[in-house]
Amino acid sequence: MKTLIKAIVMIIFLLFILELSIRLFFPQDISPVIGVLDPLLGYQLQSNATGIHKTQEFSYPVKINSQGLRSPEAYYTKPNNSLRIMFLGDSYTYGWGVADEERFSNIVGNTLSIEFVNAGVPGYKLSNILSYFEHEGYKYSPDIVVLVYTLNTGTVNIDSEAHSVVNHSLVRKNLYTPSTKNKLKT
């Protein structure tokens with residue numbers, strides 16, 4: 001019994017030394033926490049969060065607006081005679097690894113001198129993106145919606161109880177969700 005206890009203590013000690021060595025000789029960069037739990041989406045970006053996202057490959061400032069988007073401030077009411085583009089997607093749309101002015105949404109918006117809303121969120125799958133647009137994104141009254149995703153965003157981790165893929169399209173299994181019921185007039 002004493003031999004077993006000694007072996008367990010030795011293993012714990014070696015794991016501690018290994019953890020300490022990794023932290024000292026191979027430090028991991030820690031990014032600011034910019035996400036908050038959301039009952040509908042799982043998580044979303046935290047409103048008004050700021051920080052420096054730093055890894056071994058890049059370092060850039062992050063500023064989340066008051067609506068919880070890494071985007072210039074935008075309001076539901078669109079200015080008269082204006083064109084608004086909404087970009088939906090995952091970390092690619094969010095601009096993972098680049099500063100705001102280097103994101104394609106900023107380049108498009110600034111080059112064309114039009115208002116844009118970047119609603120990209122790292123880690124979002126198509127089901128998250130669809131839910132976001134159904135419950136929040138449509139309120140911005142975008143004239144054009146651009147969905148950008150990578151193959152990893154595609155059909156991976158789709159909530160099979162709420163969504164399915166039919167003919168390469170994401171569809172909601174139940175047409176009458178709480179959000180659409182509220183919009184239907186009886």
# chains A, B, ... in the order shown; residues from 1 in each chain; ligands from 1

call {"tool": "select_by_dssp", "arguments": {"residues": "region 106-152 of chain A", "states": "alpha helix (DSSP H)", "output": "list in words"}}
result
Asn106, Ile107, Val108, Gly109, Asn110, Thr111, Leu112, Leu126, Ser127, Asn128, Ile129, Leu130, Ser131, Tyr132, Phe133, Glu134 and His135 of chain A

call {"tool": "closest_residue", "arguments": {"among": "A:Glu136, A:Glu73, A:Asp100, A:Asp90", "to": "Phe116 (chain A)", "atoms": "only C-alpha atoms"}}
result
A:Glu73

call {"tool": "residues_around", "arguments": {"residues": "Phe104 (chain A)", "least_positions_apart": "2", "cutoff": "8 Å", "atoms": "only C-alpha atoms", "output": "list in words"}}
result
Thr93, Gly95, Glu102, Asn106, Ile107 and Val108 of chain A

call {"tool": "residues_around", "arguments": {"residues": "Pro79 (chain A)", "least_positions_apart": "3", "cutoff": "12 Å", "atoms": "only C-alpha atoms", "output": "ChimeraX atom specification"}}
result
/A:74-76,82-84,114-115,140-142

call {"tool": "atom_distance", "arguments": {"atom1": "CA of Lys63 (chain A)", "atom2": "CA of Lys125 (chain A)"}}
result
22.2 Å

call {"tool": "closest_residue", "arguments": {"among": "A:Pro39, A:Gly97, A:Gly109, A:Gly68", "to": "Asn128 (chain A)", "atoms": "only C-alpha atoms"}}
result
A:Pro39

call {"tool": "atom_distance", "arguments": {"atom1": "CA of Lys78 (chain A)", "atom2": "CA of Phe133 (chain A)"}}
result
16.6 Å

call {"tool": "atom_distance", "arguments": {"atom1": "CA of Asp38 (chain A)", "atom2": "CA of Ser105 (chain A)"}}
result
24.9 Å

call {"tool": "residues_around", "arguments": {"residues": "Tyr124 (chain A)", "least_positions_apart": "2", "cutoff": "9 Å", "atoms": "only C-alpha atoms", "output": "PyMOL selection string"}}
result
chain A and resi 41+43+89-91+120-122+126-129+153

call {"tool": "closest_residue", "arguments": {"among": "A:Leu15, A:Ile8, A:Val148, A:Leu130", "to": "Asn118 (chain A)", "atoms": "only C-alpha atoms"}}
result
A:Val148
